[in-house]
>>> print(open('start-v5.tsv').read())   # TSV, C-alpha atoms and all ligand atoms
chain	number	residue	atom	x	y	z
A	247	ILE	CA	22.61	-11.36	-84.87
A	248	HIS	CA	23.74	-14.61	-83.29
A	249	PRO	CA	22.50	-17.31	-85.62
A	250	SER	CA	22.14	-20.91	-84.44
A	251	SER	CA	23.76	-23.59	-86.53
A	252	ASP	CA	21.44	-26.17	-88.04
A	253	LEU	CA	23.21	-28.85	-86.00
A	254	LEU	CA	22.49	-27.01	-82.77
A	255	LYS	CA	18.82	-26.84	-83.71
A	256	ARG	CA	18.80	-30.63	-84.09
A	257	LEU	CA	19.75	-31.18	-80.43
A	258	PRO	CA	16.96	-32.89	-78.46
A	259	LYS	CA	15.41	-31.15	-75.47
A	260	GLN	CA	17.18	-32.01	-72.19
A	261	PHE	CA	14.15	-33.00	-70.17
A	262	PHE	CA	16.18	-33.24	-66.94
A	263	ASN	CA	16.63	-29.47	-66.99
A	264	ASP	CA	12.86	-29.06	-66.52
A	265	LEU	CA	12.94	-31.61	-63.72
A	266	VAL	CA	15.73	-29.76	-61.90
A	267	GLN	CA	13.85	-26.47	-62.21
A	268	THR	CA	10.62	-27.96	-60.90
A	269	VAL	CA	12.39	-29.48	-57.88
A	270	HIS	CA	14.07	-26.16	-57.22
A	271	ARG	CA	10.73	-24.32	-57.37
A	272	PHE	CA	9.09	-26.68	-54.87
A	273	GLN	CA	12.09	-26.40	-52.53
A	274	GLN	CA	11.95	-22.59	-52.75
A	275	GLU	CA	8.32	-22.82	-51.71
A	276	GLY	CA	9.48	-24.63	-48.57
A	277	TYR	CA	8.45	-28.21	-49.40
A	278	ASP	CA	10.56	-31.16	-48.26
A	279	VAL	CA	10.91	-32.80	-51.66
A	280	ILE	CA	12.29	-36.35	-51.96
A	281	ASN	CA	14.16	-36.27	-55.25
A	282	LEU	CA	14.37	-39.71	-56.86
A	283	GLY	CA	14.32	-38.22	-60.34
A	284	GLN	CA	17.95	-37.67	-61.21
A	285	GLY	CA	20.85	-40.11	-61.46
A	286	ASN	CA	23.39	-38.16	-59.43
A	287	PRO	CA	25.11	-40.48	-56.88
A	288	ASP	CA	24.49	-39.18	-53.34
A	289	LEU	CA	27.51	-40.67	-51.55
A	290	PRO	CA	31.04	-39.20	-51.53
A	291	THR	CA	34.12	-40.39	-53.41
A	292	PRO	CA	36.18	-42.82	-51.28
A	293	THR	CA	38.75	-40.99	-49.13
A	294	ALA	CA	41.74	-42.86	-50.60
A	295	ILE	CA	40.92	-41.46	-54.06
A	296	VAL	CA	40.47	-37.91	-52.73
A	297	ASP	CA	43.81	-38.26	-50.91
A	298	ALA	CA	45.50	-39.44	-54.13
A	299	LEU	CA	44.17	-36.32	-55.86
A	300	LYS	CA	45.44	-34.02	-53.09
A	301	GLN	CA	48.88	-35.58	-53.23
A	302	ALA	CA	49.05	-35.41	-57.02
A	303	ALA	CA	47.81	-31.81	-57.07
A	304	ASP	CA	50.89	-30.80	-55.06
A	305	ASP	CA	53.16	-32.30	-57.70
A	306	THR	CA	53.89	-29.54	-60.22
A	307	ARG	CA	54.51	-32.05	-63.03
A	308	HIS	CA	50.74	-32.41	-63.26
A	309	HIS	CA	50.18	-28.67	-63.64
A	310	LYS	CA	51.25	-28.66	-67.27
A	311	TYR	CA	49.35	-29.88	-70.30
A	312	SER	CA	49.44	-33.63	-70.14
A	313	PRO	CA	49.99	-35.54	-73.40
A	314	PHE	CA	46.75	-35.20	-75.40
A	315	GLN	CA	46.19	-38.97	-75.19
A	316	GLY	CA	46.57	-38.88	-71.39
A	317	TYR	CA	49.04	-40.70	-69.16
A	318	ILE	CA	50.12	-44.14	-70.31
A	319	GLU	CA	50.28	-45.28	-66.67
A	320	LEU	CA	46.55	-44.63	-66.33
A	321	LYS	CA	45.88	-46.55	-69.54
A	322	GLN	CA	47.99	-49.36	-68.12
A	323	ALA	CA	45.84	-49.31	-64.95
A	324	VAL	CA	42.71	-49.64	-67.12
A	325	SER	CA	44.28	-52.53	-69.02
A	326	ASP	CA	45.25	-54.26	-65.75
A	327	TYR	CA	41.73	-53.73	-64.40
A	328	TYR	CA	40.17	-55.38	-67.47
A	329	SER	CA	42.58	-58.26	-67.27
A	330	ARG	CA	41.89	-58.79	-63.55
A	331	GLU	CA	38.12	-58.26	-63.61
A	332	TYR	CA	37.08	-59.60	-67.02
A	333	ASP	CA	40.02	-61.60	-68.35
A	334	VAL	CA	40.14	-59.19	-71.29
A	335	THR	CA	43.51	-58.19	-72.76
A	336	LEU	CA	43.86	-54.54	-73.80
A	337	ASP	CA	46.94	-52.91	-75.30
A	338	PRO	CA	47.20	-49.73	-73.21
A	339	SER	CA	48.73	-47.67	-75.99
A	340	THR	CA	46.22	-48.51	-78.75
A	341	GLU	CA	43.09	-49.93	-77.15
A	342	VAL	CA	42.36	-47.45	-74.34
A	343	ALA	CA	41.30	-43.78	-74.66
A	344	ILE	CA	40.96	-41.47	-71.64
A	345	LEU	CA	37.85	-39.28	-71.74
A	346	PRO	CA	36.44	-36.39	-69.68
A	347	GLY	CA	33.53	-38.65	-68.71
A	348	THR	CA	31.84	-41.06	-71.07
A	349	LYS	CA	29.03	-38.65	-71.92
A	350	THR	CA	31.61	-36.73	-73.94
A	351	GLY	CA	32.91	-39.97	-75.47
A	352	LEU	CA	29.44	-41.08	-76.50
A	353	VAL	CA	28.83	-37.81	-78.32
A	354	GLU	CA	32.32	-37.84	-79.92
A	355	LEU	CA	31.87	-41.40	-81.08
A	356	SER	CA	29.01	-40.38	-83.35
A	357	GLN	CA	31.19	-37.62	-84.78
A	358	CYS	CA	33.96	-40.17	-85.41
A	359	LEU	CA	31.85	-42.72	-87.24
A	360	LEU	CA	28.84	-41.02	-88.84
A	361	ASN	CA	27.97	-38.91	-91.83
A	362	PRO	CA	24.71	-37.09	-92.61
A	363	GLY	CA	22.16	-39.64	-93.82
A	364	ASP	CA	23.62	-42.52	-91.80
A	365	THR	CA	21.36	-44.24	-89.32
A	366	VAL	CA	22.06	-45.40	-85.77
A	367	LEU	CA	20.29	-48.02	-83.65
A	368	VAL	CA	19.53	-46.42	-80.29
A	369	PRO	CA	17.87	-48.17	-77.34
A	370	ASP	CA	14.35	-46.91	-76.57
A	371	PRO	CA	13.95	-46.29	-73.69
A	372	GLY	CA	17.58	-45.28	-73.35
A	373	TYR	CA	20.10	-42.82	-71.94
A	374	PRO	CA	19.17	-39.55	-73.71
A	375	ASP	CA	22.70	-38.48	-74.66
A	376	TYR	CA	23.03	-41.11	-77.40
A	377	LEU	CA	20.55	-38.94	-79.29
A	378	SER	CA	22.64	-35.77	-78.83
A	379	GLY	CA	25.69	-37.29	-80.53
A	380	VAL	CA	23.67	-38.64	-83.43
A	381	ALA	CA	21.99	-35.23	-83.87
A	382	LEU	CA	25.33	-33.36	-83.87
A	383	ALA	CA	26.68	-35.75	-86.50
A	384	GLY	CA	23.68	-34.98	-88.75
A	385	ALA	CA	22.66	-38.65	-88.71
A	386	GLU	CA	19.28	-40.24	-87.98
A	387	VAL	CA	18.07	-42.44	-85.13
A	388	ILE	CA	16.37	-45.81	-85.55
A	389	PRO	CA	14.79	-46.56	-82.15
A	390	MET	CA	15.50	-50.05	-80.90
A	391	PRO	CA	12.56	-50.99	-78.64
A	392	LEU	CA	13.47	-52.46	-75.23
A	393	LEU	CA	10.34	-54.26	-74.10
A	394	ALA	CA	9.51	-55.97	-70.82
A	395	THR	CA	8.39	-59.01	-72.84
A	396	ASN	CA	12.00	-59.41	-74.08
A	397	GLN	CA	13.68	-58.62	-70.71
A	398	PHE	CA	14.40	-55.10	-72.01
A	399	LEU	CA	16.89	-56.47	-74.57
A	400	PRO	CA	16.68	-55.49	-78.25
A	401	ASN	CA	15.06	-58.16	-80.41
A	402	TYR	CA	17.49	-58.70	-83.29
A	403	GLN	CA	15.06	-60.93	-85.19
A	404	ASP	CA	12.54	-58.11	-85.30
A	405	LEU	CA	15.26	-55.66	-86.34
A	406	GLU	CA	15.98	-57.79	-89.42
A	407	LYS	CA	12.70	-56.40	-90.80
A	408	THR	CA	14.09	-52.83	-90.59
A	409	ASP	CA	16.06	-51.16	-93.41
A	410	LEU	CA	19.61	-51.28	-92.01
A	411	SER	CA	21.38	-50.42	-95.26
A	412	GLN	CA	22.54	-47.02	-93.94
A	413	THR	CA	23.10	-48.15	-90.33
A	414	LYS	CA	26.66	-47.59	-89.15
A	415	LEU	CA	26.46	-47.69	-85.38
A	416	MET	CA	24.45	-49.15	-82.51
A	417	PHE	CA	24.41	-48.36	-78.81
A	418	ILE	CA	23.65	-50.93	-76.13
A	419	ASN	CA	23.87	-50.46	-72.37
A	420	TYR	CA	23.82	-53.13	-69.63
A	421	PRO	CA	23.23	-53.00	-66.70
A	422	ASN	CA	20.67	-50.73	-68.29
A	423	ASN	CA	19.62	-47.17	-67.59
A	424	PRO	CA	16.64	-46.68	-67.23
A	425	THR	CA	15.17	-50.22	-67.04
A	426	GLY	CA	17.65	-51.78	-64.56
A	427	ALA	CA	17.86	-54.84	-66.86
A	428	LYS	CA	20.94	-57.01	-67.25
A	429	ALA	CA	22.49	-58.79	-70.24
A	430	ASP	CA	24.37	-62.08	-70.39
A	431	GLU	CA	27.17	-63.43	-72.57
A	432	SER	CA	24.76	-65.07	-75.02
A	433	PHE	CA	23.07	-61.73	-75.72
A	434	PHE	CA	26.49	-60.17	-76.37
A	435	SER	CA	27.38	-63.03	-78.77
A	436	GLU	CA	24.14	-62.44	-80.62
A	437	THR	CA	25.05	-58.73	-80.77
A	438	VAL	CA	28.45	-59.51	-82.32
A	439	SER	CA	26.85	-61.77	-84.99
A	440	PHE	CA	24.19	-59.18	-85.79
A	441	ALA	CA	26.78	-56.38	-86.03
A	442	LYS	CA	29.08	-58.43	-88.28
A	443	LYS	CA	26.23	-59.44	-90.55
A	444	HIS	CA	25.11	-55.83	-91.06
A	445	HIS	CA	28.56	-54.13	-90.82
A	446	ILE	CA	27.51	-52.06	-87.83
A	447	SER	CA	29.93	-50.74	-85.18
A	448	VAL	CA	28.87	-51.43	-81.60
A	449	CYS	CA	29.25	-49.23	-78.56
A	450	HIS	CA	28.49	-50.99	-75.30
A	451	ASP	CA	27.95	-48.41	-72.58
A	452	PHE	CA	29.14	-50.09	-69.37
A	453	ALA	CA	28.43	-47.14	-67.05
A	454	TYR	CA	27.01	-49.36	-64.27
A	455	HIS	CA	29.64	-52.08	-64.59
A	456	THR	CA	29.93	-52.81	-60.85
A	457	ILE	CA	26.25	-52.41	-60.01
A	458	GLN	CA	24.57	-55.78	-60.57
A	459	PHE	CA	22.72	-57.48	-57.72
A	460	ASP	CA	21.94	-60.92	-56.31
A	461	GLY	CA	25.58	-61.99	-56.26
A	462	GLU	CA	25.96	-61.65	-60.03
A	463	LYS	CA	28.72	-59.83	-61.88
A	464	ALA	CA	27.86	-57.86	-65.02
A	465	PRO	CA	29.85	-59.24	-67.99
A	466	SER	CA	32.02	-57.02	-70.17
A	467	PHE	CA	31.02	-56.92	-73.84
A	468	LEU	CA	34.72	-57.19	-74.73
A	469	ALA	CA	34.93	-60.67	-73.18
A	470	THR	CA	32.71	-61.91	-76.04
A	471	PRO	CA	34.65	-63.52	-78.90
A	472	GLY	CA	34.77	-61.11	-81.85
A	473	ALA	CA	33.62	-58.07	-79.82
A	474	LYS	CA	36.85	-56.13	-80.28
A	475	GLU	CA	36.50	-56.48	-84.05
A	476	VAL	CA	33.10	-54.80	-84.04
A	477	GLY	CA	33.30	-52.22	-81.32
A	478	ILE	CA	34.18	-50.59	-78.08
A	479	GLU	CA	33.02	-50.38	-74.50
A	480	MET	CA	32.56	-47.08	-72.62
A	481	PHE	CA	33.66	-47.38	-69.03
A	482	THR	CA	33.33	-44.65	-66.40
A	483	LEU	CA	34.45	-44.04	-62.81
A	484	SER	CA	31.37	-41.87	-62.15
A	485	LYS	CA	29.17	-44.59	-60.68
A	486	ALA	CA	31.51	-47.33	-59.39
A	487	TYR	CA	33.62	-44.84	-57.41
A	488	ASN	CA	31.11	-42.00	-56.87
A	489	MET	CA	33.27	-39.76	-59.07
A	490	ALA	CA	30.55	-38.22	-61.26
A	491	GLY	CA	31.85	-34.69	-60.68
A	492	TRP	CA	35.44	-35.57	-61.54
A	493	ARG	CA	34.71	-36.23	-65.21
A	494	VAL	CA	36.81	-39.25	-65.97
A	495	GLY	CA	35.95	-42.19	-68.16
A	496	PHE	CA	37.42	-44.41	-70.87
A	497	ALA	CA	36.71	-45.97	-74.22
A	498	VAL	CA	38.27	-49.41	-74.62
A	499	GLY	CA	38.40	-51.94	-77.43
A	500	ASN	CA	38.66	-51.66	-81.20
A	501	LYS	CA	41.95	-49.94	-82.16
A	502	SER	CA	40.61	-48.15	-85.21
A	503	ILE	CA	37.75	-46.56	-83.23
A	504	ILE	CA	40.04	-45.64	-80.31
A	505	LYS	CA	42.38	-43.90	-82.76
A	506	LYS	CA	39.52	-41.85	-84.20
A	507	LEU	CA	38.34	-40.86	-80.68
A	508	GLU	CA	41.85	-39.69	-79.81
A	509	LEU	CA	42.05	-37.72	-83.04
A	510	ILE	CA	38.87	-35.80	-82.18
A	511	GLN	CA	40.12	-35.35	-78.64
A	512	ASP	CA	43.37	-33.84	-79.94
A	513	HIS	CA	41.29	-31.18	-81.67
A	514	LEU	CA	38.91	-30.47	-78.79
A	515	TYR	CA	40.81	-30.65	-75.49
A	516	VAL	CA	44.19	-31.69	-74.13
A	517	SER	CA	43.28	-34.70	-72.00
A	518	ILE	CA	42.10	-34.22	-68.42
A	519	PHE	CA	43.90	-32.73	-65.41
A	520	GLY	CA	46.98	-34.87	-64.65
A	521	ALA	CA	46.20	-35.03	-60.93
A	522	VAL	CA	42.73	-36.41	-61.71
A	523	GLN	CA	44.39	-39.02	-63.90
A	524	MET	CA	46.61	-40.05	-60.97
A	525	ALA	CA	43.54	-40.27	-58.70
A	526	ALA	CA	41.76	-42.36	-61.35
A	527	LYS	CA	44.75	-44.68	-61.39
A	528	ALA	CA	44.52	-44.94	-57.60
A	529	ALA	CA	40.80	-45.82	-57.92
A	530	LEU	CA	41.44	-48.64	-60.38
A	531	THR	CA	44.52	-50.10	-58.72
A	532	GLY	CA	43.55	-49.61	-55.06
A	533	ASP	CA	41.43	-51.59	-52.63
A	534	GLN	CA	38.01	-52.24	-54.22
A	535	THR	CA	36.18	-52.80	-50.90
A	536	THR	CA	34.33	-49.47	-51.03
A	537	THR	CA	33.03	-50.18	-54.52
A	538	ILE	CA	31.76	-53.60	-53.47
A	539	ALA	CA	30.16	-52.05	-50.37
A	540	LEU	CA	28.50	-49.40	-52.57
A	541	THR	CA	26.74	-52.07	-54.63
A	542	LYS	CA	25.56	-53.65	-51.37
A	543	THR	CA	24.21	-50.26	-50.27
A	544	TYR	CA	22.19	-49.96	-53.48
A	545	GLU	CA	20.99	-53.54	-53.05
A	546	THR	CA	19.77	-52.77	-49.52
A	547	ARG	CA	18.01	-49.65	-50.76
A	548	ARG	CA	16.46	-51.61	-53.64
A	549	HIS	CA	15.07	-54.17	-51.21
A	550	ALA	CA	13.67	-51.47	-48.89
A	551	LEU	CA	11.96	-49.46	-51.63
A	552	ILE	CA	10.60	-52.39	-53.63
A	553	THR	CA	9.26	-54.04	-50.46
A	554	ALA	CA	7.60	-50.83	-49.28
A	555	LEU	CA	6.04	-50.14	-52.69
A	556	THR	CA	4.80	-53.72	-53.01
A	557	GLU	CA	3.25	-53.53	-49.53
A	558	LEU	CA	1.32	-50.42	-50.40
A	559	GLY	CA	-0.18	-52.21	-53.40
A	560	TRP	CA	1.92	-51.02	-56.39
A	561	ASP	CA	2.82	-53.94	-58.67
A	562	VAL	CA	6.58	-53.35	-59.16
A	563	GLN	CA	9.58	-55.33	-60.44
A	564	ALA	CA	13.02	-55.11	-58.78
A	565	PRO	CA	15.92	-54.07	-61.06
A	566	ALA	CA	18.74	-56.56	-61.72
A	567	GLY	CA	21.33	-53.77	-61.66
A	568	THR	CA	22.05	-50.00	-61.75
A	569	PHE	CA	20.55	-47.70	-59.14
A	570	PHE	CA	17.25	-47.27	-60.97
A	571	CYS	CA	13.81	-48.83	-60.53
A	572	TRP	CA	11.69	-48.84	-63.70
A	573	LEU	CA	8.08	-49.01	-62.60
A	574	LYS	CA	4.82	-49.23	-64.51
A	575	VAL	CA	2.46	-46.34	-63.86
A	576	PRO	CA	-1.05	-47.15	-62.59
A	577	GLU	CA	-3.98	-47.32	-64.99
A	578	ASN	CA	-5.43	-44.02	-66.23
A	579	PHE	CA	-2.08	-42.23	-65.90
A	580	THR	CA	0.62	-41.37	-68.43
A	581	SER	CA	4.29	-41.16	-67.43
A	582	GLU	CA	4.02	-37.40	-67.18
A	583	SER	CA	0.65	-37.18	-65.46
A	584	PHE	CA	1.78	-39.74	-62.86
A	585	SER	CA	5.08	-37.92	-62.25
A	586	ALA	CA	3.19	-34.66	-61.82
A	587	TYR	CA	0.71	-36.38	-59.47
A	588	LEU	CA	3.51	-37.77	-57.26
A	589	LEU	CA	5.14	-34.38	-57.08
A	590	GLU	CA	1.93	-32.53	-56.22
A	591	GLU	CA	0.44	-35.07	-53.83
A	592	ALA	CA	3.49	-36.74	-52.24
A	593	LYS	CA	6.33	-34.28	-52.97
A	594	VAL	CA	8.24	-37.20	-54.45
A	595	VAL	CA	10.13	-36.53	-57.69
A	596	VAL	CA	10.44	-39.32	-60.25
A	597	ALA	CA	11.59	-39.21	-63.89
A	598	PRO	CA	8.79	-39.74	-66.44
A	599	GLY	CA	9.58	-42.72	-68.65
A	600	ASN	CA	8.73	-40.97	-71.91
A	601	GLY	CA	11.79	-38.74	-71.34
A	602	PHE	CA	13.87	-41.80	-72.28
A	603	GLY	CA	12.03	-42.45	-75.55
A	604	SER	CA	8.52	-43.24	-76.74
A	605	TYR	CA	8.76	-46.88	-75.57
A	606	GLY	CA	9.32	-45.48	-72.06
A	607	GLU	CA	5.72	-44.22	-72.00
A	608	GLY	CA	3.77	-45.94	-69.23
A	609	TYR	CA	6.77	-46.07	-66.87
A	610	VAL	CA	8.54	-43.88	-64.32
A	611	ARG	CA	12.13	-44.18	-63.14
A	612	LEU	CA	13.00	-43.92	-59.44
A	613	ALA	CA	16.66	-43.57	-58.43
A	614	LEU	CA	17.92	-45.34	-55.30
A	615	LEU	CA	19.99	-42.28	-54.47
A	616	ASP	CA	18.79	-41.43	-51.00
A	617	SER	CA	18.96	-43.22	-47.64
A	618	VAL	CA	16.77	-46.22	-46.77
A	619	ASP	CA	14.80	-43.99	-44.38
A	620	ARG	CA	14.05	-41.43	-47.08
A	621	LEU	CA	13.12	-44.14	-49.61
A	622	ILE	CA	10.67	-45.62	-47.10
A	623	GLU	CA	9.37	-42.14	-46.32
A	624	ALA	CA	8.79	-41.68	-50.08
A	625	ALA	CA	6.79	-44.94	-50.15
A	626	HIS	CA	4.73	-43.81	-47.12
A	627	ARG	CA	3.95	-40.52	-48.79
A	628	ILE	CA	2.82	-42.35	-51.93
A	629	GLU	CA	0.69	-44.65	-49.78
A	630	LYS	CA	-0.96	-41.64	-48.11
A	631	THR	CA	-2.22	-40.37	-51.47
A	632	GLY	CA	-4.65	-43.32	-51.30
A	633	LEU	CA	-4.10	-44.06	-54.97
A	634	PHE	CA	-3.16	-47.72	-54.58
A	635	LYS	CA	-5.94	-48.64	-52.15
A	636	ALA	CA	-8.07	-51.45	-53.60
B	701	LIG	N1	25.89	-43.78	-69.80
B	701	LIG	C1	24.85	-43.96	-69.00
B	701	LIG	C2	23.90	-45.08	-69.27
B	701	LIG	C3	24.62	-43.10	-67.91
B	701	LIG	O1	23.55	-43.29	-67.13
B	701	LIG	C4	25.54	-42.03	-67.70
B	701	LIG	C5	25.33	-41.06	-66.60
B	701	LIG	O2	24.32	-40.94	-66.01
B	701	LIG	C6	26.61	-41.90	-68.57
B	701	LIG	C7	26.77	-42.78	-69.61
B	701	LIG	C8	27.60	-40.77	-68.45
B	701	LIG	O3	28.52	-40.97	-67.45
B	701	LIG	P1	29.80	-40.05	-67.30
B	701	LIG	O4	29.75	-38.99	-68.36
B	701	LIG	O5	29.71	-39.47	-65.95
B	701	LIG	O6	30.97	-40.96	-67.51
>>> encode(input="start-v5.tsv", output="structure tokens")
Amino acid sequence: IHPSSDLLKRLPKQFFNDLVQTVHRFQQEGYDVINLGQGNPDLPTPTAIVDALKQAADDTRHHKYSPFQGYIELKQAVSDYYSREYDVTLDPSTEVAILPGTKTGLVELSQCLLNPGDTVLVPDPGYPDYLSGVALAGAEVIPMPLLATNQFLPNYQDLEKTDLSQTKLMFINYPNNPTGAKADESFFSETVSFAKKHHISVCHDFAYHTIQFDGEKAPSFLATPGAKEVGIEMFTLSKAYNMAGWRVGFAVGNKSIIKKLELIQDHLYVSIFGAVQMAAKAALTGDQTTTIALTKTYETRRHALITALTELGWDVQAPAGTFFCWLKVPENFTSESFSAYLLEEAKVVVAPGNGFGSYGEGYVRLALLDSVDRLIEAAHRIEKTGLFKA
């Protein structure tokens, strides 16, 4: 009696749900599981941001519906942030949209730009939610392979051989989940040329914008000449400020796309809680020391885990950014069989690479979202399985 719409049936399986259930089952059975599978930041939101929320929550002006486009003062804070950090000029009233997290924005974007039969270039391996938006828009995915041999960047020359006549949109994401790869300005310039040539809109997902290592700063796509003509950047507070639970993010860039996103938003929800908007403003305008320290924390964890895994004999590469390590599975294993092996034998949870697309087969993703001690403990447990002994 409760039929499912055809669009709902198109939604891909959320493989993380299985992962969460498996972890839960092992914990119920009393095992001390080290969970490096999910990408949920383990550290708290900086106190100054929590205090800004508390103060704003007491102000009854924020208890009402806020304007559906959100507070202009928050958009101004985003514009100031981009100007300060990336030398990018954004008109707060037309080039910034406030979103309840960028996951929502990524799904809405497909609804804004796509019709059934359109195709979309999606990174493979890639963040799974790009697929959900494309599915709900009734459009089709063209996987864009991210290969180690090309530094996990799409190869636009190879893509020229693909039929792009129906392609309306492409997603890119650097620093990259799941591979930990980075992109530079020249790659973004190439992206702009490719998009202009084929009349494709670009969405650069900048979720890990502050998390690049070795003293480097991740560039904004919008700093590339011509980028604003072809697309937008999604920009979230979830990772840089440990605010994943707060649900606040932004789309910035091309006016026409921002307008469409706000139109959808007007029909779906009435912006986000005003007090959260004030706290978000405090995050962007306040002291950035905690955010810088957070990247250092991930860098220290990266060093500890990669060193320990290398010492035990696993041939691994360190990520350039994000809080993920993308590691090749040993011979005779698949992504899933190796993940299952680590869970059974070491009680260490990792995400199987094929959950991020078929080009993710042969890899597992480990999140740096536990203390150095626990990461080293995970490496010791893996060592004890004896698998990597020569
Ligand atoms: N994009 C990427 C690549 C992510 O890894 C995530 C979260 O894990 C998101 C977007 C969504 O972030 P949020 O919805 O919290 O803004």
>>> closest_residue(input="start-v5.tsv", among="A:Val334, A:Ala429, A:Met480, A:Ala550", to="A:Leu507", atoms="all atoms listed in the file")
A:Met480
>>> residues_near_point(input="start-v5.tsv", point="(42.1, -48.7, -53.8)", cutoff="12 Å", atoms="all atoms listed in the file", output="JSON list (two decimals) with C-alpha atoms, in the coordinates of the input")
[["chain", "number", "residue", "atom", "x", "y", "z"],
["A", 291, "THR", "CA", 34.12, -40.39, -53.41],
["A", 292, "PRO", "CA", 36.18, -42.82, -51.28],
["A", 293, "THR", "CA", 38.75, -40.99, -49.13],
["A", 294, "ALA", "CA", 41.74, -42.86, -50.60],
["A", 295, "ILE", "CA", 40.92, -41.46, -54.06],
["A", 296, "VAL", "CA", 40.47, -37.91, -52.73],
["A", 297, "ASP", "CA", 43.81, -38.26, -50.91],
["A", 298, "ALA", "CA", 45.50, -39.44, -54.13],
["A", 323, "ALA", "CA", 45.84, -49.31, -64.95],
["A", 327, "TYR", "CA", 41.73, -53.73, -64.40],
["A", 487, "TYR", "CA", 33.62, -44.84, -57.41],
["A", 525, "ALA", "CA", 43.54, -40.27, -58.70],
["A", 526, "ALA", "CA", 41.76, -42.36, -61.35],
["A", 527, "LYS", "CA", 44.75, -44.68, -61.39],
["A", 528, "ALA", "CA", 44.52, -44.94, -57.60],
["A", 529, "ALA", "CA", 40.80, -45.82, -57.92],
["A", 530, "LEU", "CA", 41.44, -48.64, -60.38],
["A", 531, "THR", "CA", 44.52, -50.10, -58.72],
["A", 532, "GLY", "CA", 43.55, -49.61, -55.06],
["A", 533, "ASP", "CA", 41.43, -51.59, -52.63],
["A", 534, "GLN", "CA", 38.01, -52.24, -54.22],
["A", 535, "THR", "CA", 36.18, -52.80, -50.90],
["A", 536, "THR", "CA", 34.33, -49.47, -51.03],
["A", 537, "THR", "CA", 33.03, -50.18, -54.52],
["A", 538, "ILE", "CA", 31.76, -53.60, -53.47]]
>>> closest_atom_pairs(input="start-v5.tsv", of="chain A", to="ligand LIG 701 (chain B)", cutoff="10 Å", atoms="all atoms listed in the file", output="tab-separated table")
residue	atom	partner	partner_atom	distance
A:Gln284	CA	B:LIG701	O2	8.6
A:Gly285	CA	B:LIG701	O2	5.8
A:Asn286	CA	B:LIG701	O2	7.2
A:Pro287	CA	B:LIG701	O2	9.2
A:Leu345	CA	B:LIG701	O6	8.2
A:Pro346	CA	B:LIG701	O4	7.3
A:Gly347	CA	B:LIG701	O6	3.7
A:Thr348	CA	B:LIG701	O6	3.7
A:Lys349	CA	B:LIG701	O4	3.6
A:Thr350	CA	B:LIG701	O4	6.3
A:Gly351	CA	B:LIG701	O4	7.8
A:Leu352	CA	B:LIG701	C7	7.6
A:Gly372	CA	B:LIG701	C2	7.5
A:Tyr373	CA	B:LIG701	C2	5.2
A:Pro374	CA	B:LIG701	C2	8.5
A:Asp375	CA	B:LIG701	C7	7.8
A:Tyr376	CA	B:LIG701	N1	8.5
A:Ile418	CA	B:LIG701	C2	9.0
A:Asn419	CA	B:LIG701	C2	6.2
A:Tyr420	CA	B:LIG701	C2	8.1
A:Pro421	CA	B:LIG701	C2	8.4
A:Asn422	CA	B:LIG701	C2	6.6
A:Asn423	CA	B:LIG701	C2	5.1
A:Pro424	CA	B:LIG701	O1	7.7
A:His450	CA	B:LIG701	N1	9.4
A:Asp451	CA	B:LIG701	N1	5.8
A:Phe452	CA	B:LIG701	N1	7.1
A:Ala453	CA	B:LIG701	N1	5.0
A:Tyr454	CA	B:LIG701	C2	7.3
A:Met480	CA	B:LIG701	C7	7.8
A:Phe481	CA	B:LIG701	O6	7.1
A:Thr482	CA	B:LIG701	O6	4.5
A:Leu483	CA	B:LIG701	O6	6.6
A:Ser484	CA	B:LIG701	O5	4.8
A:Lys485	CA	B:LIG701	O5	7.4
A:Asn488	CA	B:LIG701	O5	9.5
A:Met489	CA	B:LIG701	O5	7.8
A:Ala490	CA	B:LIG701	O5	4.9
A:Gly491	CA	B:LIG701	O5	7.4
A:Trp492	CA	B:LIG701	O5	8.2
A:Arg493	CA	B:LIG701	O5	6.0
A:Val494	CA	B:LIG701	O6	6.3
A:Gly495	CA	B:LIG701	O6	5.2
A:Phe496	CA	B:LIG701	O6	8.0
A:Thr568	CA	B:LIG701	O1	8.7
A:Phe569	CA	B:LIG701	O1	9.6
A:Phe570	CA	B:LIG701	O1	9.7
>>> closest_residue(input="start-v5.tsv", among="A:Ser617, A:Gln357, A:Ser378, A:Thr268", to="A:Arg548", atoms="only C-alpha atoms")
A:Ser617
>>> residues_around(input="start-v5.tsv", residues="A:Phe262", least_positions_apart="5", cutoff="9 Å", atoms="all atoms listed in the file", output="PyMOL selection string")
chain A and resi 267+283-284+597+601
>>> write_last_selection(input="start-v5.tsv", atoms="C-alpha atoms", output="mmCIF file, keeping the file's coordinate frame")
data_model
loop_
_atom_site.group_PDB
_atom_site.id
_atom_site.type_symbol
_atom_site.label_atom_id
_atom_site.label_comp_id
_atom_site.auth_asym_id
_atom_site.auth_seq_id
_atom_site.Cartn_x
_atom_site.Cartn_y
_atom_site.Cartn_z
ATOM 1 C CA GLN A 267 13.850 -26.470 -62.210
ATOM 2 C CA GLY A 283 14.320 -38.220 -60.340
ATOM 3 C CA GLN A 284 17.950 -37.670 -61.210
ATOM 4 C CA ALA A 597 11.590 -39.210 -63.890
ATOM 5 C CA GLY A 601 11.790 -38.740 -71.340
#
>>> closest_residue(input="start-v5.tsv", among="A:Gly559, A:Pro400, A:Gly472, A:Pro371", to="A:Lys630", atoms="all atoms listed in the file")
A:Gly559
>>> closest_residue(input="start-v5.tsv", among="A:Ser585, A:Val618, A:Ser447, A:Gln458", to="A:Thr553", atoms="all atoms listed in the file")
A:Val618
